[in-house]
$ cat entry-v6.tsv   # TSV, N, CA and C atoms
chain	number	residue	atom	x	y	z
X	2	GLN	N	-4.22	0.47	-22.33
X	2	GLN	CA	-3.45	0.79	-21.13
X	2	GLN	C	-4.36	0.92	-19.92
X	3	VAL	N	-3.81	0.53	-18.78
X	3	VAL	CA	-4.52	0.64	-17.51
X	3	VAL	C	-3.63	1.41	-16.53
X	4	GLN	N	-4.20	2.36	-15.84
X	4	GLN	CA	-3.47	3.11	-14.83
X	4	GLN	C	-4.04	2.76	-13.45
X	5	LEU	N	-3.14	2.59	-12.50
X	5	LEU	CA	-3.52	2.19	-11.14
X	5	LEU	C	-2.93	3.18	-10.14
X	6	VAL	N	-3.75	3.64	-9.22
X	6	VAL	CA	-3.29	4.57	-8.19
X	6	VAL	C	-3.68	4.01	-6.83
X	7	GLU	N	-2.66	3.75	-6.00
X	7	GLU	CA	-2.89	3.19	-4.67
X	7	GLU	C	-2.92	4.29	-3.62
X	8	SER	N	-3.58	3.98	-2.53
X	8	SER	CA	-3.57	4.87	-1.37
X	8	SER	C	-3.87	4.04	-0.13
X	9	GLY	N	-3.56	4.61	1.04
X	9	GLY	CA	-3.95	3.98	2.29
X	9	GLY	C	-2.84	3.37	3.11
X	10	GLY	N	-1.61	3.40	2.61
X	10	GLY	CA	-0.52	2.85	3.40
X	10	GLY	C	-0.17	3.76	4.55
X	11	GLY	N	0.75	3.30	5.38
X	11	GLY	CA	1.18	4.12	6.51
X	11	GLY	C	1.82	3.29	7.59
X	12	LEU	N	1.94	3.91	8.75
X	12	LEU	CA	2.55	3.28	9.92
X	12	LEU	C	1.45	2.88	10.89
X	13	VAL	N	1.52	1.65	11.36
X	13	VAL	CA	0.51	1.15	12.29
X	13	VAL	C	1.19	0.24	13.31
X	14	GLN	N	0.64	0.20	14.50
X	14	GLN	CA	1.18	-0.70	15.53
X	14	GLN	C	0.73	-2.13	15.27
X	15	ALA	N	1.52	-3.05	15.75
X	15	ALA	CA	1.16	-4.47	15.64
X	15	ALA	C	-0.22	-4.71	16.26
X	16	GLY	N	-1.02	-5.49	15.53
X	16	GLY	CA	-2.38	-5.74	15.97
X	16	GLY	C	-3.40	-4.79	15.37
X	17	GLY	N	-2.92	-3.74	14.74
X	17	GLY	CA	-3.79	-2.74	14.16
X	17	GLY	C	-4.28	-3.11	12.77
X	18	SER	N	-4.97	-2.17	12.15
X	18	SER	CA	-5.58	-2.39	10.83
X	18	SER	C	-5.28	-1.23	9.88
X	19	LEU	N	-5.27	-1.55	8.61
X	19	LEU	CA	-5.17	-0.56	7.54
X	19	LEU	C	-6.03	-1.03	6.38
X	20	ARG	N	-6.50	-0.08	5.58
X	20	ARG	CA	-7.20	-0.42	4.36
X	20	ARG	C	-6.52	0.27	3.18
X	21	LEU	N	-6.11	-0.54	2.22
X	21	LEU	CA	-5.51	-0.02	1.00
X	21	LEU	C	-6.58	0.08	-0.08
X	22	SER	N	-6.43	1.10	-0.92
X	22	SER	CA	-7.33	1.29	-2.05
X	22	SER	C	-6.52	1.37	-3.33
X	23	CYS	N	-7.12	0.89	-4.42
X	23	CYS	CA	-6.47	0.96	-5.73
X	23	CYS	C	-7.54	1.36	-6.75
X	24	ALA	N	-7.38	2.55	-7.31
X	24	ALA	CA	-8.32	3.04	-8.31
X	24	ALA	C	-7.76	2.79	-9.70
X	25	ALA	N	-8.55	2.13	-10.52
X	25	ALA	CA	-8.13	1.81	-11.89
X	25	ALA	C	-8.80	2.75	-12.88
X	26	SER	N	-8.06	3.10	-13.92
X	26	SER	CA	-8.60	3.93	-15.00
X	26	SER	C	-8.00	3.47	-16.32
X	27	GLY	N	-8.54	3.97	-17.41
X	27	GLY	CA	-8.07	3.56	-18.73
X	27	GLY	C	-8.92	2.43	-19.27
X	28	ASN	N	-8.28	1.43	-19.83
X	28	ASN	CA	-8.97	0.31	-20.46
X	28	ASN	C	-9.40	-0.72	-19.42
X	29	ILE	N	-10.26	-0.29	-18.51
X	29	ILE	CA	-10.62	-1.15	-17.37
X	29	ILE	C	-11.48	-2.33	-17.79
X	30	PHE	N	-12.17	-2.23	-18.90
X	30	PHE	CA	-13.06	-3.31	-19.32
X	30	PHE	C	-12.29	-4.55	-19.76
X	31	SER	N	-11.01	-4.38	-20.00
X	31	SER	CA	-10.19	-5.52	-20.41
X	31	SER	C	-9.61	-6.30	-19.23
X	32	ILE	N	-9.77	-5.75	-18.03
X	32	ILE	CA	-9.12	-6.37	-16.85
X	32	ILE	C	-9.82	-7.66	-16.47
X	33	ASN	N	-9.03	-8.74	-16.28
X	33	ASN	CA	-9.57	-10.02	-15.84
X	33	ASN	C	-9.43	-10.20	-14.33
X	34	THR	N	-8.30	-9.79	-13.81
X	34	THR	CA	-7.98	-10.01	-12.40
X	34	THR	C	-7.27	-8.80	-11.84
X	35	MET	N	-7.60	-8.45	-10.63
X	35	MET	CA	-6.85	-7.43	-9.90
X	35	MET	C	-6.37	-8.02	-8.59
X	36	GLY	N	-5.26	-7.49	-8.12
X	36	GLY	CA	-4.72	-8.05	-6.89
X	36	GLY	C	-3.74	-7.13	-6.21
X	37	TRP	N	-3.26	-7.59	-5.08
X	37	TRP	CA	-2.25	-6.89	-4.31
X	37	TRP	C	-1.05	-7.80	-4.13
X	38	TYR	N	0.11	-7.24	-4.36
X	38	TYR	CA	1.38	-7.90	-4.12
X	38	TYR	C	2.15	-7.08	-3.11
X	39	ARG	N	3.14	-7.70	-2.50
X	39	ARG	CA	4.01	-6.95	-1.60
X	39	ARG	C	5.45	-7.37	-1.79
X	40	GLN	N	6.32	-6.41	-1.47
X	40	GLN	CA	7.76	-6.65	-1.60
X	40	GLN	C	8.45	-6.05	-0.39
X	41	ALA	N	9.17	-6.90	0.32
X	41	ALA	CA	9.87	-6.46	1.52
X	41	ALA	C	11.37	-6.53	1.28
X	42	GLY	N	12.05	-5.42	1.50
X	42	GLY	CA	13.49	-5.36	1.33
X	42	GLY	C	13.89	-5.78	-0.07
X	43	GLY	N	14.88	-6.65	-0.16
X	43	GLY	CA	15.35	-7.12	-1.45
X	43	GLY	C	14.71	-8.42	-1.89
X	44	ASN	N	13.59	-8.76	-1.23
X	44	ASN	CA	12.92	-10.01	-1.58
X	44	ASN	C	12.07	-9.88	-2.83
X	45	GLN	N	11.60	-11.02	-3.29
X	45	GLN	CA	10.73	-11.03	-4.46
X	45	GLN	C	9.38	-10.41	-4.14
X	46	ARG	N	8.74	-9.87	-5.16
X	46	ARG	CA	7.38	-9.39	-5.03
X	46	ARG	C	6.45	-10.60	-5.03
X	47	ILE	N	5.61	-10.73	-4.00
X	47	ILE	CA	4.77	-11.91	-3.90
X	47	ILE	C	3.30	-11.53	-3.81
X	48	LEU	N	2.45	-12.46	-4.25
X	48	LEU	CA	1.01	-12.23	-4.24
X	48	LEU	C	0.49	-12.24	-2.80
X	49	VAL	N	-0.34	-11.25	-2.50
X	49	VAL	CA	-1.03	-11.21	-1.21
X	49	VAL	C	-2.47	-11.68	-1.37
X	50	ALA	N	-3.16	-11.09	-2.34
X	50	ALA	CA	-4.56	-11.45	-2.57
X	50	ALA	C	-4.96	-11.00	-3.97
X	51	SER	N	-5.92	-11.71	-4.55
X	51	SER	CA	-6.41	-11.34	-5.87
X	51	SER	C	-7.91	-11.58	-5.95
X	52	ILE	N	-8.53	-10.90	-6.91
X	52	ILE	CA	-9.97	-11.06	-7.13
X	52	ILE	C	-10.21	-11.00	-8.63
X	53	THR	N	-10.99	-11.96	-9.12
X	53	THR	CA	-11.26	-12.03	-10.54
X	53	THR	C	-12.48	-11.19	-10.91
X	54	ARG	N	-12.70	-11.06	-12.20
X	54	ARG	CA	-13.88	-10.34	-12.68
X	54	ARG	C	-15.16	-10.98	-12.14
X	55	GLY	N	-15.12	-12.31	-12.00
X	55	GLY	CA	-16.28	-13.02	-11.49
X	55	GLY	C	-16.43	-12.98	-9.99
X	56	GLY	N	-15.43	-12.42	-9.31
X	56	GLY	CA	-15.52	-12.28	-7.86
X	56	GLY	C	-14.80	-13.35	-7.06
X	57	SER	N	-14.13	-14.26	-7.73
X	57	SER	CA	-13.37	-15.29	-7.01
X	57	SER	C	-12.13	-14.66	-6.40
X	58	THR	N	-11.84	-15.07	-5.18
X	58	THR	CA	-10.69	-14.51	-4.46
X	58	THR	C	-9.65	-15.57	-4.16
X	59	ASN	N	-8.44	-15.10	-3.98
X	59	ASN	CA	-7.32	-15.98	-3.66
X	59	ASN	C	-6.42	-15.24	-2.69
X	60	TYR	N	-5.91	-15.94	-1.67
X	60	TYR	CA	-5.08	-15.31	-0.65
X	60	TYR	C	-3.81	-16.09	-0.41
X	61	ALA	N	-2.75	-15.38	-0.10
X	61	ALA	CA	-1.55	-16.04	0.39
X	61	ALA	C	-1.87	-16.67	1.74
X	62	THR	N	-1.25	-17.80	2.01
X	62	THR	CA	-1.51	-18.51	3.26
X	62	THR	C	-1.26	-17.62	4.48
X	63	SER	N	-0.23	-16.79	4.39
X	63	SER	CA	0.18	-15.98	5.53
X	63	SER	C	-0.83	-14.90	5.91
X	64	VAL	N	-1.77	-14.59	5.01
X	64	VAL	CA	-2.72	-13.52	5.30
X	64	VAL	C	-4.16	-14.02	5.41
X	65	LYS	N	-4.38	-15.29	5.16
X	65	LYS	CA	-5.75	-15.83	5.22
X	65	LYS	C	-6.34	-15.62	6.61
X	66	GLY	N	-7.57	-15.15	6.64
X	66	GLY	CA	-8.24	-14.90	7.90
X	66	GLY	C	-7.95	-13.53	8.48
X	67	ARG	N	-6.95	-12.82	7.93
X	67	ARG	CA	-6.60	-11.49	8.43
X	67	ARG	C	-6.87	-10.41	7.40
X	68	PHE	N	-6.65	-10.72	6.12
X	68	PHE	CA	-6.81	-9.75	5.04
X	68	PHE	C	-8.05	-10.12	4.21
X	69	THR	N	-8.71	-9.09	3.69
X	69	THR	CA	-9.85	-9.30	2.82
X	69	THR	C	-9.74	-8.38	1.61
X	70	ILE	N	-9.83	-8.98	0.43
X	70	ILE	CA	-9.83	-8.19	-0.80
X	70	ILE	C	-11.28	-8.04	-1.26
X	71	SER	N	-11.61	-6.85	-1.72
X	71	SER	CA	-12.96	-6.58	-2.20
X	71	SER	C	-12.88	-5.53	-3.30
X	72	ARG	N	-14.02	-5.29	-3.93
X	72	ARG	CA	-14.00	-4.31	-5.01
X	72	ARG	C	-15.32	-3.55	-5.06
X	73	ASP	N	-15.23	-2.35	-5.59
X	73	ASP	CA	-16.39	-1.53	-5.89
X	73	ASP	C	-16.37	-1.33	-7.40
X	74	SER	N	-17.12	-2.15	-8.11
X	74	SER	CA	-17.07	-2.13	-9.57
X	74	SER	C	-17.51	-0.78	-10.13
X	75	ALA	N	-18.46	-0.15	-9.47
X	75	ALA	CA	-18.96	1.14	-9.95
X	75	ALA	C	-17.87	2.21	-9.91
X	76	LYS	N	-16.94	2.07	-8.96
X	76	LYS	CA	-15.86	3.06	-8.82
X	76	LYS	C	-14.54	2.53	-9.34
X	77	ASN	N	-14.57	1.33	-9.94
X	77	ASN	CA	-13.34	0.74	-10.49
X	77	ASN	C	-12.22	0.72	-9.45
X	78	THR	N	-12.58	0.34	-8.25
X	78	THR	CA	-11.63	0.38	-7.14
X	78	THR	C	-11.59	-0.97	-6.44
X	79	VAL	N	-10.40	-1.37	-6.07
X	79	VAL	CA	-10.19	-2.59	-5.31
X	79	VAL	C	-9.60	-2.21	-3.95
X	80	PHE	N	-10.04	-2.92	-2.93
X	80	PHE	CA	-9.60	-2.63	-1.56
X	80	PHE	C	-8.90	-3.83	-0.97
X	81	LEU	N	-8.01	-3.57	-0.04
X	81	LEU	CA	-7.41	-4.63	0.76
X	81	LEU	C	-7.53	-4.21	2.22
X	82	GLN	N	-8.43	-4.87	2.92
X	82	GLN	CA	-8.59	-4.64	4.35
X	82	GLN	C	-7.62	-5.55	5.09
X	83	MET	N	-6.74	-4.94	5.87
X	83	MET	CA	-5.70	-5.69	6.57
X	83	MET	C	-5.90	-5.54	8.07
X	84	ASN	N	-6.17	-6.65	8.73
X	84	ASN	CA	-6.38	-6.67	10.18
X	84	ASN	C	-5.30	-7.50	10.86
X	85	SER	N	-5.17	-7.32	12.15
X	85	SER	CA	-4.20	-8.08	12.95
X	85	SER	C	-2.82	-8.03	12.32
X	86	LEU	N	-2.40	-6.86	11.96
X	86	LEU	CA	-1.11	-6.70	11.29
X	86	LEU	C	0.03	-7.03	12.23
X	87	ASN	N	1.08	-7.59	11.66
X	87	ASN	CA	2.28	-7.87	12.42
X	87	ASN	C	3.50	-7.40	11.64
X	88	ALA	N	4.66	-7.49	12.25
X	88	ALA	CA	5.88	-6.94	11.66
X	88	ALA	C	6.19	-7.59	10.32
X	89	ASP	N	5.81	-8.84	10.15
X	89	ASP	CA	6.08	-9.54	8.89
X	89	ASP	C	5.27	-8.98	7.73
X	90	ASP	N	4.26	-8.17	8.03
X	90	ASP	CA	3.47	-7.55	6.97
X	90	ASP	C	4.10	-6.27	6.44
X	91	THR	N	5.17	-5.82	7.07
X	91	THR	CA	5.84	-4.61	6.62
X	91	THR	C	6.42	-4.82	5.22
X	92	ALA	N	6.04	-3.96	4.30
X	92	ALA	CA	6.46	-4.10	2.90
X	92	ALA	C	5.90	-2.94	2.09
X	93	VAL	N	6.35	-2.85	0.85
X	93	VAL	CA	5.69	-1.98	-0.11
X	93	VAL	C	4.62	-2.82	-0.79
X	94	TYR	N	3.41	-2.32	-0.80
X	94	TYR	CA	2.28	-3.03	-1.40
X	94	TYR	C	1.96	-2.43	-2.76
X	95	TYR	N	1.84	-3.32	-3.74
X	95	TYR	CA	1.59	-2.90	-5.11
X	95	TYR	C	0.25	-3.43	-5.60
X	96	CYS	N	-0.51	-2.57	-6.23
X	96	CYS	CA	-1.74	-3.00	-6.90
X	96	CYS	C	-1.37	-3.53	-8.27
X	97	ASN	N	-2.08	-4.57	-8.68
X	97	ASN	CA	-1.81	-5.20	-9.97
X	97	ASN	C	-3.12	-5.42	-10.72
X	98	ALA	N	-3.07	-5.24	-12.03
X	98	ALA	CA	-4.22	-5.55	-12.88
X	98	ALA	C	-3.71	-6.32	-14.09
X	99	ARG	N	-4.47	-7.34	-14.47
X	99	ARG	CA	-4.05	-8.16	-15.60
X	99	ARG	C	-5.16	-8.29	-16.62
X	100	ASN	N	-4.77	-8.24	-17.90
X	100	ASN	CA	-5.67	-8.65	-18.96
X	100	ASN	C	-4.92	-9.63	-19.83
X	101	ILE	N	-5.48	-10.00	-20.97
X	101	ILE	CA	-4.83	-11.02	-21.78
X	101	ILE	C	-3.57	-10.49	-22.47
X	102	TYR	N	-3.40	-9.19	-22.41
X	102	TYR	CA	-2.26	-8.59	-23.10
X	102	TYR	C	-1.08	-8.28	-22.17
X	103	ASP	N	-1.38	-7.88	-20.95
X	103	ASP	CA	-0.30	-7.30	-20.15
X	103	ASP	C	-0.62	-7.34	-18.66
X	104	ASN	N	0.40	-6.96	-17.92
X	104	ASN	CA	0.36	-6.84	-16.47
X	104	ASN	C	0.60	-5.37	-16.14
X	105	TYR	N	-0.22	-4.79	-15.29
X	105	TYR	CA	-0.08	-3.38	-14.95
X	105	TYR	C	0.14	-3.24	-13.45
X	106	TRP	N	0.96	-2.26	-13.07
X	106	TRP	CA	1.32	-2.06	-11.67
X	106	TRP	C	1.09	-0.62	-11.25
X	107	GLY	N	0.70	-0.48	-9.99
X	107	GLY	CA	0.67	0.83	-9.38
X	107	GLY	C	2.05	1.23	-8.91
X	108	GLN	N	2.14	2.40	-8.30
X	108	GLN	CA	3.44	2.92	-7.88
X	108	GLN	C	3.89	2.35	-6.55
X	109	GLY	N	3.01	1.71	-5.84
X	109	GLY	CA	3.34	1.12	-4.55
X	109	GLY	C	3.03	2.04	-3.40
X	110	THR	N	2.66	1.44	-2.28
X	110	THR	CA	2.41	2.20	-1.05
X	110	THR	C	3.05	1.46	0.12
X	111	GLN	N	3.75	2.20	0.95
X	111	GLN	CA	4.49	1.59	2.06
X	111	GLN	C	3.57	1.30	3.23
X	112	VAL	N	3.67	0.08	3.74
X	112	VAL	CA	3.00	-0.31	4.97
X	112	VAL	C	4.08	-0.71	5.97
X	113	THR	N	4.10	-0.04	7.10
X	113	THR	CA	5.07	-0.34	8.15
X	113	THR	C	4.34	-0.67	9.44
X	114	VAL	N	4.64	-1.85	9.99
X	114	VAL	CA	4.01	-2.29	11.22
X	114	VAL	C	5.07	-2.28	12.32
X	115	SER	N	4.83	-1.49	13.35
X	115	SER	CA	5.78	-1.39	14.46
X	115	SER	C	5.38	-2.36	15.56
X	116	SER	N	6.40	-3.00	16.13
X	116	SER	CA	6.11	-4.00	17.18
X	116	SER	C	6.29	-3.40	18.57
$ encode --input "entry-v6.tsv" --output "structure tokens"
Amino acid sequence: QVQLVESGGGLVQAGGSLRLSCAASGNIFSINTMGWYRQAGGNQRILVASITRGGSTNYATSVKGRFTISRDSAKNTVFLQMNSLNADDTAVYYCNARNIYDNYWGQGTQVTVSS
């Protein structure tokens, strides 16, 4: 089992920045990929950014150049630095961790961008 705890969401004005954190615990050595997803209203949960054990990153087209995913392996923590935020970024952001057995989710953190 893997447990994920997110922090760092909140209310920010358009053009501003936020940094999300996700601390992993439990069977962390089994994790292959960690990432951030977001879900706005009744829409599907979609991938925002991911980072593999080897450090390869992947971003949704809508956030490329604005968001950066990184990790602190010593602290088992993944970060999402979000810059130049706009109203379309408003959503609940979920941390995700995957291994060969399962998909794990955090509880979600709300990000609201006011225009």
$ residues_around --input "entry-v6.tsv" --residues "Phe68 in chain X" --least-positions-apart "3" --cutoff "6 Å" --atoms "only N, CA and C atoms" --output "ChimeraX atom specification"
/X:64-65,82-84
$ axis_aligned_box --input "entry-v6.tsv" --around "range 57-60 of chain X" --padding-each-side "8 Å" --output "AutoDock Vina command-line options"
--center_x -9.0 --center_y -15.2 --center_z -4.1 --size_x 26.3 --size_y 17.8 --size_z 23.3
$ closest_residue --input "entry-v6.tsv" --among "X:Gln40, X:Ser31, X:Ser85, X:Gln108" --to "Ser18 in chain X" --atoms "all atoms listed in the file"
X:Ser85
$ closest_atom_pairs --input "entry-v6.tsv" --of "range 25-109 of chain X" --to "range 5-15 of chain X" --cutoff "5 Å" --atoms "all atoms listed in the file" --output "Markdown table"
| residue | atom | partner | partner_atom | distance |
| --- | --- | --- | --- | --- |
| X:Ala25 | CA | X:Leu5 | CA | 4.7 |
| X:Leu86 | C | X:Ala15 | CA | 4.4 |
| X:Asn87 | CA | X:Ala15 | CA | 4.8 |
| X:Gly107 | CA | X:Leu5 | C | 4.4 |
$ residues_around --input "entry-v6.tsv" --residues "range 103-106 of chain X" --least-positions-apart "2" --cutoff "9 Å" --atoms "only C-alpha atoms" --output "PyMOL selection string"
chain X and resi 2-6+95-101+108-109
$ closest_residue --input "entry-v6.tsv" --among "X:Asn33, X:Ser115, X:Thr91, X:Thr69" --to "Gly55 in chain X" --atoms "all atoms listed in the file"
X:Asn33
$ atom_distance --input "entry-v6.tsv" --atom1 "CA of Ala75 in chain X" --atom2 "atom N of Val49 in chain X"
23.6 Å
$ closest_residue --input "entry-v6.tsv" --among "X:Gly43, X:Phe80, X:Tyr60, X:Arg72" --to "Arg20 in chain X" --atoms "only N, CA and C atoms"
X:Phe80
$ atom_distance --input "entry-v6.tsv" --atom1 "atom N of Thr113 in chain X" --atom2 "atom C of Ala24 in chain X"
20.8 Å
$ decode --input "entry-v6.tsv" --residues "range 31-42 of chain X" --atoms "all heavy atoms" --output "PDB file, in the first residue's frame"
ATOM      1  N   SER X  31       8.092   0.483  -4.418  1.00  0.00           N
ATOM      2  CA  SER X  31       7.421  -0.172  -5.545  1.00  0.00           C
ATOM      3  C   SER X  31       6.915   0.817  -6.594  1.00  0.00           C
ATOM      4  O   SER X  31       6.486   0.418  -7.668  1.00  0.00           O
ATOM      5  CB  SER X  31       6.235  -0.984  -5.023  1.00  0.00           C
ATOM      6  OG  SER X  31       5.204  -0.121  -4.567  1.00  0.00           O
ATOM      7  N   ILE X  32       6.977   2.109  -6.272  1.00  0.00           N
ATOM      8  CA  ILE X  32       6.384   3.121  -7.166  1.00  0.00           C
ATOM      9  C   ILE X  32       7.217   3.287  -8.426  1.00  0.00           C
ATOM     10  O   ILE X  32       8.432   3.468  -8.366  1.00  0.00           O
ATOM     11  CB  ILE X  32       6.258   4.470  -6.445  1.00  0.00           C
ATOM     12  CG1 ILE X  32       5.304   4.353  -5.259  1.00  0.00           C
ATOM     13  CG2 ILE X  32       5.768   5.550  -7.408  1.00  0.00           C
ATOM     14  CD1 ILE X  32       5.255   5.597  -4.403  1.00  0.00           C
ATOM     15  N   ASN X  33       6.557   3.235  -9.593  1.00  0.00           N
ATOM     16  CA  ASN X  33       7.237   3.455 -10.868  1.00  0.00           C
ATOM     17  C   ASN X  33       7.084   4.898 -11.349  1.00  0.00           C
ATOM     18  O   ASN X  33       8.022   5.487 -11.875  1.00  0.00           O
ATOM     19  CB  ASN X  33       6.671   2.528 -11.938  1.00  0.00           C
ATOM     20  CG  ASN X  33       6.938   1.081 -11.615  1.00  0.00           C
ATOM     21  OD1 ASN X  33       7.992   0.728 -11.117  1.00  0.00           O
ATOM     22  ND2 ASN X  33       5.963   0.228 -11.875  1.00  0.00           N
ATOM     23  N   THR X  34       5.898   5.432 -11.175  1.00  0.00           N
ATOM     24  CA  THR X  34       5.583   6.760 -11.691  1.00  0.00           C
ATOM     25  C   THR X  34       4.718   7.504 -10.690  1.00  0.00           C
ATOM     26  O   THR X  34       3.827   6.910 -10.080  1.00  0.00           O
ATOM     27  CB  THR X  34       4.825   6.664 -13.029  1.00  0.00           C
ATOM     28  OG1 THR X  34       5.608   5.928 -13.960  1.00  0.00           O
ATOM     29  CG2 THR X  34       4.520   8.046 -13.593  1.00  0.00           C
ATOM     30  N   MET X  35       4.985   8.776 -10.547  1.00  0.00           N
ATOM     31  CA  MET X  35       4.101   9.647  -9.772  1.00  0.00           C
ATOM     32  C   MET X  35       3.664  10.804 -10.653  1.00  0.00           C
ATOM     33  O   MET X  35       4.382  11.210 -11.571  1.00  0.00           O
ATOM     34  CB  MET X  35       4.804  10.167  -8.519  1.00  0.00           C
ATOM     35  CG  MET X  35       5.055   9.086  -7.492  1.00  0.00           C
ATOM     36  SD  MET X  35       5.644   9.724  -5.921  1.00  0.00           S
ATOM     37  CE  MET X  35       4.144  10.526  -5.303  1.00  0.00           C
ATOM     38  N   GLY X  36       2.487  11.314 -10.344  1.00  0.00           N
ATOM     39  CA  GLY X  36       1.993  12.394 -11.188  1.00  0.00           C
ATOM     40  C   GLY X  36       0.897  13.188 -10.521  1.00  0.00           C
ATOM     41  O   GLY X  36       0.495  12.893  -9.389  1.00  0.00           O
ATOM     42  N   TRP X  37       0.453  14.186 -11.244  1.00  0.00           N
ATOM     43  CA  TRP X  37      -0.651  15.030 -10.818  1.00  0.00           C
ATOM     44  C   TRP X  37      -1.741  14.986 -11.867  1.00  0.00           C
ATOM     45  O   TRP X  37      -1.458  15.099 -13.066  1.00  0.00           O
ATOM     46  CB  TRP X  37      -0.184  16.473 -10.624  1.00  0.00           C
ATOM     47  CG  TRP X  37       0.728  16.654  -9.457  1.00  0.00           C
ATOM     48  CD1 TRP X  37       2.081  16.618  -9.450  1.00  0.00           C
ATOM     49  CD2 TRP X  37       0.330  16.906  -8.108  1.00  0.00           C
ATOM     50  NE1 TRP X  37       2.556  16.832  -8.178  1.00  0.00           N
ATOM     51  CE2 TRP X  37       1.507  17.019  -7.344  1.00  0.00           C
ATOM     52  CE3 TRP X  37      -0.899  17.070  -7.473  1.00  0.00           C
ATOM     53  CZ2 TRP X  37       1.475  17.267  -5.968  1.00  0.00           C
ATOM     54  CZ3 TRP X  37      -0.929  17.321  -6.116  1.00  0.00           C
ATOM     55  CH2 TRP X  37       0.258  17.421  -5.366  1.00  0.00           C
ATOM     56  N   TYR X  38      -2.949  14.816 -11.412  1.00  0.00           N
ATOM     57  CA  TYR X  38      -4.141  14.871 -12.244  1.00  0.00           C
ATOM     58  C   TYR X  38      -5.025  15.983 -11.716  1.00  0.00           C
ATOM     59  O   TYR X  38      -4.889  16.403 -10.575  1.00  0.00           O
ATOM     60  CB  TYR X  38      -4.905  13.546 -12.182  1.00  0.00           C
ATOM     61  CG  TYR X  38      -4.253  12.401 -12.902  1.00  0.00           C
ATOM     62  CD1 TYR X  38      -3.073  11.837 -12.436  1.00  0.00           C
ATOM     63  CD2 TYR X  38      -4.828  11.868 -14.065  1.00  0.00           C
ATOM     64  CE1 TYR X  38      -2.464  10.787 -13.102  1.00  0.00           C
ATOM     65  CE2 TYR X  38      -4.236  10.810 -14.734  1.00  0.00           C
ATOM     66  CZ  TYR X  38      -3.057  10.274 -14.245  1.00  0.00           C
ATOM     67  OH  TYR X  38      -2.473   9.231 -14.903  1.00  0.00           O
ATOM     68  N   ARG X  39      -5.943  16.426 -12.551  1.00  0.00           N
ATOM     69  CA  ARG X  39      -6.919  17.406 -12.082  1.00  0.00           C
ATOM     70  C   ARG X  39      -8.294  17.086 -12.625  1.00  0.00           C
ATOM     71  O   ARG X  39      -8.443  16.496 -13.687  1.00  0.00           O
ATOM     72  CB  ARG X  39      -6.495  18.829 -12.448  1.00  0.00           C
ATOM     73  CG  ARG X  39      -6.514  19.165 -13.922  1.00  0.00           C
ATOM     74  CD  ARG X  39      -5.915  20.560 -14.139  1.00  0.00           C
ATOM     75  NE  ARG X  39      -5.947  20.965 -15.543  1.00  0.00           N
ATOM     76  CZ  ARG X  39      -5.346  22.043 -16.011  1.00  0.00           C
ATOM     77  NH1 ARG X  39      -4.637  22.837 -15.184  1.00  0.00           N
ATOM     78  NH2 ARG X  39      -5.419  22.348 -17.300  1.00  0.00           N
ATOM     79  N   GLN X  40      -9.283  17.535 -11.846  1.00  0.00           N
ATOM     80  CA  GLN X  40     -10.675  17.302 -12.213  1.00  0.00           C
ATOM     81  C   GLN X  40     -11.457  18.575 -11.933  1.00  0.00           C
ATOM     82  O   GLN X  40     -11.490  19.059 -10.796  1.00  0.00           O
ATOM     83  CB  GLN X  40     -11.245  16.135 -11.417  1.00  0.00           C
ATOM     84  CG  GLN X  40     -12.624  15.702 -11.831  1.00  0.00           C
ATOM     85  CD  GLN X  40     -13.021  14.392 -11.174  1.00  0.00           C
ATOM     86  OE1 GLN X  40     -12.463  13.991 -10.144  1.00  0.00           O
ATOM     87  NE2 GLN X  40     -13.972  13.693 -11.770  1.00  0.00           N
ATOM     88  N   ALA X  41     -12.094  19.078 -12.974  1.00  0.00           N
ATOM     89  CA  ALA X  41     -12.864  20.311 -12.854  1.00  0.00           C
ATOM     90  C   ALA X  41     -14.340  19.999 -13.038  1.00  0.00           C
ATOM     91  O   ALA X  41     -14.723  19.412 -14.048  1.00  0.00           O
ATOM     92  CB  ALA X  41     -12.426  21.312 -13.915  1.00  0.00           C
ATOM     93  N   GLY X  42     -15.148  20.389 -12.077  1.00  0.00           N
ATOM     94  CA  GLY X  42     -16.586  20.169 -12.147  1.00  0.00           C
ATOM     95  C   GLY X  42     -16.904  18.698 -12.337  1.00  0.00           C
ATOM     96  O   GLY X  42     -16.345  17.835 -11.667  1.00  0.00           O
TER      97      GLY X  42
END
